[in-house]
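Here is start_5.cif, consisting of mmCIF, C-alpha atoms:
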data_input
loop_
_atom_site.label_atom_id
_atom_site.label_comp_id
_atom_site.auth_asym_id
_atom_site.auth_seq_id
_atom_site.Cartn_x
_atom_site.Cartn_y
_atom_site.Cartn_z
CA MET A 1 0.99 12.02 5.52
CA GLU A 2 1.22 9.65 8.48
CA ILE A 3 0.09 6.12 7.60
CA THR A 4 -0.39 3.46 10.27
CA ILE A 5 -0.90 -0.18 9.30
CA PHE A 6 -2.31 -2.79 11.68
CA THR A 7 -1.40 -6.31 10.59
CA ILE A 8 -0.15 -9.66 11.85
CA PHE A 9 2.32 -9.89 8.96
CA PRO A 10 4.40 -6.69 9.15
CA GLU A 11 7.22 -8.26 7.14
CA MET A 12 5.02 -8.25 4.03
CA PHE A 13 5.26 -4.46 3.82
CA GLN A 14 9.02 -4.08 3.96
CA GLY A 15 9.65 -4.47 0.23
CA PRO A 16 6.73 -2.53 -1.29
CA LEU A 17 6.96 0.44 1.10
CA ASN A 18 10.71 0.80 0.73
CA THR A 19 10.95 0.68 -3.04
CA SER A 20 10.52 3.16 -5.88
CA ILE A 21 8.07 6.06 -5.43
CA LEU A 22 7.06 5.27 -1.85
CA LYS A 23 10.70 5.05 -0.79
CA LYS A 24 11.39 8.47 -2.34
CA ALA A 25 8.28 9.88 -0.65
CA GLN A 26 9.68 8.82 2.73
CA GLU A 27 13.09 10.25 1.93
CA LYS A 28 11.39 13.59 1.18
CA ASN A 29 9.49 13.35 4.48
CA LEU A 30 6.20 13.47 2.61
CA VAL A 31 4.99 10.10 3.90
CA SER A 32 5.78 8.10 7.02
CA PHE A 33 4.75 4.54 7.84
CA ASN A 34 4.16 2.93 11.19
CA ILE A 35 3.58 -0.82 10.87
CA VAL A 36 1.98 -2.32 13.97
CA ASP A 37 1.80 -6.05 14.67
CA PHE A 38 -1.46 -6.31 16.59
CA ARG A 39 -0.63 -9.86 17.66
CA GLY A 40 1.37 -8.25 20.45
CA TYR A 41 -1.84 -6.80 21.86
CA SER A 42 -3.56 -10.14 22.29
CA PRO A 43 -4.58 -10.66 25.93
CA SER A 44 -4.20 -14.46 25.69
CA LYS A 45 -1.16 -16.30 27.00
CA HIS A 46 -0.26 -17.64 23.55
CA LYS A 47 -1.02 -14.34 21.77
CA ASN A 48 -3.87 -15.80 19.75
CA VAL A 49 -5.62 -13.30 17.48
CA ASP A 50 -8.27 -15.62 16.04
CA ASP A 51 -10.96 -18.01 17.24
CA SER A 52 -13.76 -20.18 15.86
CA PRO A 53 -17.07 -18.47 15.04
CA PHE A 54 -20.07 -18.63 17.37
CA GLY A 55 -22.80 -20.77 15.80
CA GLY A 56 -20.28 -22.96 14.02
CA GLY A 57 -18.89 -22.77 10.51
CA ALA A 58 -15.63 -23.18 8.68
CA GLY A 59 -12.54 -21.09 9.25
CA MET A 60 -11.36 -18.76 11.98
CA LEU A 61 -12.23 -15.15 12.74
CA LEU A 62 -10.05 -12.32 13.98
CA LYS A 63 -10.91 -11.47 17.56
CA PRO A 64 -11.85 -7.87 18.41
CA GLU A 65 -9.60 -7.35 21.46
CA PRO A 66 -6.14 -7.32 19.80
CA ILE A 67 -7.23 -4.88 17.11
CA TYR A 68 -9.11 -2.57 19.46
CA TYR A 69 -6.24 -2.53 21.95
CA ALA A 70 -3.68 -1.87 19.21
CA VAL A 71 -5.69 0.95 17.61
CA GLU A 72 -6.36 2.64 20.94
CA ASP A 73 -2.73 2.37 22.05
CA VAL A 74 -1.17 3.60 18.79
CA ILE A 75 -3.58 6.23 17.42
CA GLY A 76 -5.83 6.80 20.43
CA ASN A 77 -9.58 7.06 20.69
CA LYS A 78 -11.32 6.86 17.31
CA GLU A 79 -13.39 9.98 17.94
CA GLU A 80 -10.24 12.00 18.63
CA TYR A 81 -8.20 10.64 15.71
CA SER A 82 -7.71 13.37 13.10
CA GLY A 83 -7.38 10.95 10.20
CA LYS A 84 -9.48 8.15 8.69
CA ILE A 85 -9.46 4.48 9.64
CA ILE A 86 -9.80 2.06 6.73
CA LEU A 87 -10.78 -1.60 7.00
CA MET A 88 -9.82 -3.70 4.00
CA SER A 89 -12.59 -6.18 3.21
CA PRO A 90 -14.12 -7.86 0.11
CA GLN A 91 -17.48 -6.55 1.38
CA GLY A 92 -16.30 -2.94 1.26
CA GLN A 93 -17.01 -0.25 -1.30
CA PRO A 94 -15.06 -0.67 -4.55
CA PHE A 95 -11.84 1.30 -4.56
CA LYS A 96 -11.94 3.93 -7.30
CA GLN A 97 -9.71 6.80 -8.36
CA LYS A 98 -12.18 9.31 -6.93
CA LEU A 99 -11.80 7.80 -3.48
CA ALA A 100 -8.01 7.68 -3.86
CA ARG A 101 -8.02 11.42 -4.60
CA LYS A 102 -10.16 12.08 -1.54
CA LEU A 103 -7.98 10.03 0.80
CA ALA A 104 -4.81 11.64 -0.58
CA ASN A 105 -5.95 14.90 1.03
CA GLU A 106 -5.92 13.41 4.53
CA GLU A 107 -3.01 14.13 6.89
CA LYS A 108 -3.34 10.75 8.59
CA LEU A 109 -4.63 7.31 7.55
CA ALA A 110 -4.81 4.01 9.41
CA PHE A 111 -5.36 0.63 7.76
CA ILE A 112 -6.66 -2.53 9.41
CA CYS A 113 -5.70 -5.71 7.57
CA GLY A 114 -8.12 -8.59 8.02
CA HIS A 115 -7.07 -12.20 7.74
CA TYR A 116 -8.28 -15.79 8.05
CA GLU A 117 -11.95 -16.42 7.19
CA GLY A 118 -12.95 -12.94 8.29
CA PHE A 119 -13.24 -10.83 11.40
CA ASP A 120 -15.55 -10.28 14.32
CA GLU A 121 -18.34 -7.94 13.25
CA ARG A 122 -17.56 -5.51 16.06
CA ILE A 123 -14.26 -4.61 14.40
CA ARG A 124 -16.27 -2.82 11.71
CA THR A 125 -17.29 -0.12 14.17
CA LEU A 126 -13.70 1.14 14.20
CA ALA A 127 -13.64 1.98 10.50
CA ASP A 128 -14.53 5.18 8.66
CA TYR A 129 -14.22 3.34 5.36
CA GLU A 130 -14.51 -0.31 4.42
CA ILE A 131 -12.75 -0.82 1.08
CA SER A 132 -12.48 -3.63 -1.46
CA ILE A 133 -10.08 -3.69 -4.42
CA GLY A 134 -12.19 -6.15 -6.42
CA ASP A 135 -14.78 -8.88 -6.45
CA TYR A 136 -12.47 -11.65 -5.33
CA VAL A 137 -11.13 -12.92 -2.02
CA LEU A 138 -7.47 -12.86 -0.97
CA THR A 139 -5.87 -14.50 2.04
CA GLY A 140 -5.68 -11.20 3.89
CA GLY A 141 -5.88 -7.44 3.73
CA GLU A 142 -2.16 -6.84 3.39
CA LEU A 143 -1.94 -6.86 -0.43
CA PRO A 144 -5.08 -4.71 -0.85
CA THR A 145 -3.66 -2.23 1.65
CA MET A 146 -0.48 -1.97 -0.41
CA VAL A 147 -2.54 -1.31 -3.54
CA VAL A 148 -4.53 1.46 -1.87
CA ILE A 149 -1.43 3.07 -0.34
CA ASP A 150 0.35 3.05 -3.70
CA ALA A 151 -2.62 4.68 -5.44
CA ILE A 152 -2.95 7.33 -2.73
CA GLY A 153 0.76 7.96 -2.23
CA ARG A 154 1.49 9.01 -5.79
CA MET A 155 -1.11 11.81 -5.55
CA ILE A 156 0.33 13.42 -2.46
CA PRO A 157 1.81 16.79 -3.54
CA GLY A 158 5.53 16.54 -4.17
CA VAL A 159 5.71 12.74 -4.33
CA LEU A 160 5.96 12.48 -8.11
CA GLY A 161 8.81 14.25 -9.84
CA GLU A 162 6.39 15.94 -12.21
CA GLN A 163 3.33 16.92 -10.21
CA GLU A 164 1.12 16.82 -13.30
CA SER A 165 1.90 13.16 -13.99
CA PHE A 166 -1.12 11.70 -12.22
CA LEU A 167 -3.47 14.25 -13.80
CA THR A 168 -3.36 12.29 -17.07
CA ASP A 169 -3.70 8.85 -15.46
CA SER A 170 -6.50 6.54 -16.51
CA PHE A 171 -9.64 7.15 -14.43
CA TYR A 172 -8.39 10.47 -12.98
CA GLU A 173 -10.96 12.35 -15.06
CA GLY A 174 -13.13 9.30 -15.64
CA LEU A 175 -11.55 8.23 -18.94
CA LEU A 176 -8.88 5.71 -19.86
CA GLU A 177 -5.54 7.25 -20.66
CA HIS A 178 -4.48 8.07 -24.22
CA PRO A 179 -1.68 6.05 -25.91
CA HIS A 180 1.94 6.99 -25.14
CA TYR A 181 5.06 6.71 -27.31
CA THR A 182 8.78 7.24 -26.83
CA ARG A 183 11.96 6.55 -28.82
CA PRO A 184 12.63 4.92 -31.22
CA ARG A 185 10.38 6.62 -33.75
CA GLU A 186 9.96 3.35 -35.67
CA PHE A 187 10.12 -0.16 -34.22
CA ARG A 188 9.41 -3.33 -36.20
CA GLY A 189 7.19 -1.48 -38.61
CA MET A 190 5.27 0.32 -35.89
CA THR A 191 5.64 4.09 -36.07
CA VAL A 192 4.87 6.99 -33.77
CA PRO A 193 1.86 9.07 -34.94
CA ASP A 194 3.07 12.12 -36.88
CA VAL A 195 1.06 14.55 -34.74
CA LEU A 196 3.23 13.77 -31.72
CA LEU A 197 6.29 14.84 -33.67
CA SER A 198 4.71 18.01 -35.07
CA GLY A 199 5.51 20.33 -32.17
CA ASN A 200 1.95 21.70 -32.40
CA HIS A 201 0.82 21.52 -28.77
CA GLU A 202 -2.84 22.24 -29.49
CA GLU A 203 -3.03 19.49 -32.10
CA ILE A 204 -1.27 17.11 -29.72
CA ARG A 205 -3.76 17.97 -26.97
CA ARG A 206 -6.69 17.36 -29.30
CA TRP A 207 -5.22 14.05 -30.51
CA ARG A 208 -4.66 12.82 -26.98
CA ARG A 209 -8.15 13.75 -25.86
CA LYS A 210 -9.74 12.07 -28.86
CA GLU A 211 -7.65 8.94 -28.37
CA ALA A 212 -8.59 8.82 -24.69
CA LEU A 213 -12.25 9.01 -25.64
CA LYS A 214 -11.80 6.35 -28.33
CA ARG A 215 -9.99 3.96 -26.00
CA THR A 216 -12.64 4.44 -23.33
CA LEU A 217 -15.45 3.90 -25.83
CA MET A 218 -13.89 0.68 -27.11
CA ARG A 219 -12.76 -0.80 -23.78
CA ARG A 220 -14.89 0.69 -21.00
CA PRO A 221 -17.91 2.44 -22.59
CA GLU A 222 -19.79 2.55 -19.27
CA LEU A 223 -17.26 5.11 -18.01
CA LEU A 224 -18.49 7.66 -20.54
CA HIS A 225 -21.87 7.77 -18.80
CA LYS A 226 -20.14 8.83 -15.58
CA THR A 227 -17.90 11.48 -17.14
CA GLU A 228 -18.79 15.10 -17.74
CA LEU A 229 -18.21 15.56 -21.46
CA SER A 230 -17.48 18.88 -23.14
CA GLU A 231 -18.85 19.98 -26.51
CA GLU A 232 -15.46 19.10 -27.97
CA ASP A 233 -15.68 15.60 -26.46
CA ILE A 234 -19.13 15.06 -27.97
CA LYS A 235 -17.80 16.15 -31.36
CA PHE A 236 -14.84 13.79 -31.05
CA LEU A 237 -17.15 10.89 -30.15
CA ALA A 238 -19.26 11.59 -33.22
CA GLU A 239 -16.11 11.54 -35.37
CA ILE A 240 -14.99 8.28 -33.75
CA ASN A 241 -18.35 6.61 -34.38
CA GLU A 242 -18.32 7.76 -38.01
CA GLU A 243 -14.75 6.51 -38.49
CA GLU A 244 -15.65 3.14 -36.98
CA HIS A 245 -18.74 2.90 -39.18
CA ASN A 246 -16.75 3.70 -42.35
CA GLU A 247 -14.05 1.21 -41.38
CA HIS A 248 -16.56 -1.63 -41.12
CA ASP A 249 -18.48 -0.78 -44.31
#
Translate this file's structure into structure tokens.
Amino acid sequence: MEITIFTIFPEMFQGPLNTSILKKAQEKNLVSFNIVDFRGYSPSKHKNVDDSPFGGGAGMLLKPEPIYYAVEDVIGNKEEYSGKIILMSPQGQPFKQKLARKLANEEKLAFICGHYEGFDERIRTLADYEISIGDYVLTGGELPTMVVIDAIGRMIPGVLGEQESFLTDSFYEGLLEHPHYTRPREFRGMTVPDVLLSGNHEEIRRWRRKEALKRTLMRRPELLHKTELSEEDIKFLAEINEEEHNEHD
């Protein structure tokens, strides 16, 4: 996958994109990054990329020219670009695992990082997606872009050592992930559930599924209404409710 990032703070990406999984993905030639400082495309003498808003108001807005010129020079005309252009913005659609899976199938992605108080409305016409990582405001789109790239990058085939790893992630199938344990078997009085040591793969599968349902029910019950549940899942949920009822009697 070819990922292009348009930002005025390219140095912010050096650490995150060259560490851990994303570094290995580049070494395997599965992902490439092109970080573009769109300040260099400003037509003004002093390379200004922002200006005060028409009609007054606090803060500064990103001007359209530097971003348009940078996008057109680096990836070409929007209509001819074979990938998707993403604008990071607190007004965008919430970033969910389903969207991450969809974007992971693209061959090319381009991210536009906003900054300052906001950006000229005309910049929005460049984007195929406008994405938010949460109901809060950050100083710019750089950190949200890193979050989205990390979520997408790990689902690109071949990036993770074990390709099935992300299939059990929280939210991948709509549920929170089941509990995990590793050595030692006992630590400060806390022990690993016996079923995980049994070697019975079917019982382990059933335990994990039931625990995933239980954790989702207790922490994020609204997710269950968005998940397609099997007959086995419904049975597990009934058992969980009965166990909870008996525990509080």
_With all atoms listed in the file as the counted atoms, please give the residues lying no more than 7 Å from stretch 230-241 of chain A, apart from itself and same-chain residues fewer than 2 positions off, as a PyMOL selection string._
chain A and resi 210+213-214+228+243-245
_Need to verify the contact set: A:Glu79, 12 Å, all atoms listed in the file, exclusion of same-chain residues closer than 3 positions in sequence. Can you return it as a ChimeraX atom specification?_
/A:71-72,75-76,82-85,125-128
*For the structure shown, which residues end up in the PyMOL selection byres ((chain A and resi 100-117) around 9)? Put them as a PyMOL selection string, please?*
chain A and resi 1-8+50+58-62+67+71+75+81-89+95-99+118-119+127+138-145+148-149+151-157+172
*Could you jot down the atom CA of A:Glu242 to atom CA of A:Glu203 separation for me, Å, one decimal place?*
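For atom CA of A:Glu242 relative to atom CA of A:Glu203, the distance reads 20.2 Å.
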_Can you translate the PyMOL selection byres ((chain A and resi 133) around 6) into the concrete residues it hits in this file, as a ChimeraX atom specification?_
/A:94-95,132,134
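Using only C-alpha atoms, the contacts of stretch 181-196 of chain A at a cut-off of 10 Å, with sequence neighbours closer than 4 positions omitted, comprise Asn200, His201, Glu203, Ile204, Arg205, Arg206, Trp207 and Arg208 of chain A.
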Taking all atoms of stretch 23-31 of chain A that the file lists and extending 5 Å past them on each side, where is the centre of the axis-aligned box and how long are its edges? Answer in Å to one decimal, as AutoDock Vina command-line options.
--center_x 9.0 --center_y 9.3 --center_z 1.1 --size_x 18.1 --size_y 18.5 --size_z 16.8
*Expressed in Å to a single decimal, how great is the separation between atom CA of A:Phe9 and atom CA of A:Arg122?*
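Atom-to-atom, atom CA of A:Phe9 to atom CA of A:Arg122, that is 21.6 Å.
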*Would you list the contacts of A:Pro66 as a list in words, taking every protein, DNA or RNA residue within 7 Å and counting all atoms listed in the file, but skipping same-chain residues closer than 3 positions in sequence?*
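Residues meeting the cut-off are Phe38, Arg39, Tyr41, Ser42, Val49, Lys63, Tyr69 and Ala70 of chain A.
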*asked:* Neighbouring residues of A:Arg220 were defined as those with any atom within 12 Å, considering only C-alpha atoms; residues of the same chain fewer than 6 positions away were excluded. Please report them as an MDAnalysis selection string.
replied: chainID A and resid 170:171 174:177 212:214 226:227
Serialized selection, C-alpha atoms, as a compact mmCIF listing (two decimals), in the coordinates of the input:
# COMPACT_ATOMS: atom_id res chain seq x y z
CA SER A 170 -6.50 6.54 -16.51
CA PHE A 171 -9.64 7.15 -14.43
CA GLY A 174 -13.13 9.30 -15.64
CA LEU A 175 -11.55 8.23 -18.94
CA LEU A 176 -8.88 5.71 -19.86
CA GLU A 177 -5.54 7.25 -20.66
CA ALA A 212 -8.59 8.82 -24.69
CA LEU A 213 -12.25 9.01 -25.64
CA LYS A 214 -11.80 6.35 -28.33
CA LYS A 226 -20.14 8.83 -15.58
CA THR A 227 -17.90 11.48 -17.14
*asked:* Nearest residue to A:Leu160 out of A:Lys47, A:Tyr136, A:Ile131, A:Lys28, using all atoms listed in the file?
replied: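 Smallest separation from A:Leu160 among the options: A:Lys28.
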*asked:* Using all atoms listed in the file for the distances, tell me which of A:His178, A:Asp120, A:Glu80, A:Phe33 is nearest to A:Asp51.
replied: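 Using all atoms listed in the file, A:Asp51 sits closest to A:Asp120.
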*How many Å separate atom CA of A:Glu211 from atom CA of A:Leu224?*
13.4 Å
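Comparing the minimum interatomic distances between A:Ile35 and each of A:Phe13, A:Tyr68, A:His225, A:Glu247, counting only C-alpha atoms, we find that A:Phe13 sits nearest.
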*For A:Gln26, which residue among A:Val159, A:Glu222, A:Leu197, A:Arg209 is the nearest when counting only C-alpha atoms?*
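Using only C-alpha atoms, the shortest distance to A:Gln26 belongs to A:Val159.
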*Of the residues A:Asp249, A:Asp37, A:Glu65, A:Asp150, which is the one nearest to A:Ile123, using all atoms listed in the file?*
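For A:Ile123, the nearest of the given residues is A:Glu65.
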